[in-house]
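Let me begin by presenting the structure, written as structure tokens, before commenting on it.
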Amino acid sequence: MGNFVNPGNDAFRVALASSIYVDKTGLLEYTNKVIGTLQAYICNSRPRRFGKSITANMLTAYYSKGCDSETIFADLEIGKSPDFKKHLNQYDVIHLDVQWCMEPAGGPECVLSYIVEKTISELRVYYPNILPDHMKSLPEALSCIYAASGKKFVIIIDEWDVLIRDMAVDQKIQEDYINFLRGLFKGTEPTKYIQLAYLTGILPIKKARTQSALNNFDEFTMLDASILAPHVGFTESEVQQLCRKYHRDFEKIKRWYDGYLLEDYQVYNPKAVVSVMLKDKFRSYWSETGSYEAVVPLINMDFDGLKTAIIEMLAGNAIEVDVGTFQNDMNNFYCRDDVLTYLIHLGYLAYDQ
């Protein structure tokens, strides 16, 4: 059991042991259905504190050979599925948290080499005598392992977009990272060694260079969550159940925290709902987890009456937005709708699909 290769289920156990855990293992029914198919490449983006890491840890705990997770999943929703045990702890899993790698790597410019070096080193423990000492490419390493053993991998990347999101001005870091993703996921060879790929982060796949590298991924976003909508945040029925348990005023919670209408689901921010249940105080819990400083310059651009639109929303009114113009790019904003769509992805604005 390594840090990146076949990690255990400890991280998911922490979520299960928390005061409030809402069962989202129904997502595993979908991933089990598409595993080993062309639909097994998934990018599920959502704002901060919407359970991205918990989901990544859940997938790892369920699929990883590095642990035995039957007892922790048996009583959850996925435990009722006829395919529950078919995929349980059956795969070599590579779980990368790109945000966490920043510090041990020594900075964003070293993250990629750190990930590749550490992952290949851990793979050698599981597959000795397969990888030559000079091996420096992770895609090539996975390809070699598959050719020698027939073993396929589940690859989970948490905060996949952090190098694009936080280092957008550094083109070299961005280009190297995009090339890495292209080599890992794109083309015929990766279909041989990848059983399932799951990326999660704040931004959807960038529509320019990154899209050409990852256009084989199915995207599920805060603009179009599709069939994954009930697994993105807390649904209204889940919030109602919590209100009954903790004796909270559901209508007041709905006024405060009802953020997104995705498909047929009212989706609530988990951080805010859990906080108000446990503390019984109505505050803007989600906004306390991040700064508005990055947003102010965008609003000050005042594209096409952007400030007026913000004032309209602060007054409680809704405005229309064309979400198709935004290029999922942190650097280039060309109109009001670009900025508004960006703020939806980040979680600053609610959205009615």
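Labels used: A, B, ... for chains in the order of the structure tokens, numbers from 1 for residues in each chain, and numbers from 1 for ligands as shown.
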Item to check | Near-Phe73 (chain A) list (10 Å; only C-alpha atoms; drop same-chain fewer than 2 positions) as a ChimeraX atom specification | outcome: /A:25,58,61-62,69-71,75-80,84-85,88
Enumerate, in order of chain and increasing residue number, the residues of region 137-172 of chain A with an atom no farther than 9 Å from region 189-204 of chain A, each with its shortest atom pair and distance in Å to one decimal, counting only C-alpha atoms, as CSV.
```
residue,atom,partner,partner_atom,distance
A:Pro139,CA,A:Pro190,CA,7.6
A:Leu142,CA,A:Tyr193,CA,6.4
A:Ser143,CA,A:Tyr193,CA,6.2
A:Ile145,CA,A:Tyr193,CA,8.3
A:Tyr146,CA,A:Tyr193,CA,5.8
A:Ala147,CA,A:Tyr193,CA,8.6
A:Gly150,CA,A:Tyr193,CA,8.0
A:Lys151,CA,A:Tyr193,CA,7.0
A:Lys152,CA,A:Tyr193,CA,4.5
A:Phe153,CA,A:Ile194,CA,4.9
A:Val154,CA,A:Leu196,CA,4.7
A:Ile155,CA,A:Ala197,CA,4.8
A:Ile156,CA,A:Tyr198,CA,4.8
A:Ile157,CA,A:Leu199,CA,4.9
A:Asp158,CA,A:Thr200,CA,5.2
A:Glu159,CA,A:Gly201,CA,4.3
A:Trp160,CA,A:Gly201,CA,5.4
A:Asp161,CA,A:Gly201,CA,5.7
A:Val162,CA,A:Gly201,CA,7.5
A:Arg165,CA,A:Leu203,CA,7.7
```
Checklist entry - Quick one: DSSP strand (DSSP E) residues in region 11-237 of chain A, as a ChimeraX atom specification? => result /A:41-45,92-97,153-158,194-201,218-220,234-235
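Remark: for Glu109 (chain A), the closest of the candidate residues A:Ile173, A:Ala15, A:Leu340, A:Cys335 is A:Ile173 (distances computed over only C-alpha atoms).
The space separating CA of Val321 (chain A) from CA of Asp337 (chain A) comes to 5.6 Å.
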Next on the checklist: Applying 10 Å and only C-alpha atoms, which residues near Ile20 (chain A) remain after dropping the ones on its own chain fewer than 5 positions away? List them as a ChimeraX atom specification.
Outcome noted: /A:15,242,270,273-275,277-278
Checklist entry - What residues in region 37-178 of chain A get the DSSP label helix (DSSP H, G or I)? Please answer as a PyMOL selection string. => result chain A and resi 52-63+70-73+77-80+98-105+108-126+138-149+162-166+171-178
Next on the checklist: Need the shell around His345 (chain A): protein/DNA/RNA residues with any atom at most 10 Å away, counting only C-alpha atoms. Skip same-chain ones fewer than 5 positions apart. Format as an MDAnalysis selection string?
Outcome noted: chainID A and resid 45:48 202:204 221:223 328 340 350:351
Item to check | Spatial neighbours of Pro230 (chain A), max dist 8 Å, only C-alpha atoms, sep filter under 4 positions, as an MDAnalysis selection string | outcome: chainID A and resid 234:235 265 267
Item to check | Coordinates-based distance that separates CA of Glu238 (chain A) from CA of Ile344 (chain A) (Å, one decimal) | outcome: 22.5 Å
Checklist entry - What is the distance between CA of Glu263 (chain A) and CA of Ser226 (chain A), in Å to one decimal? => result 6.6 Å
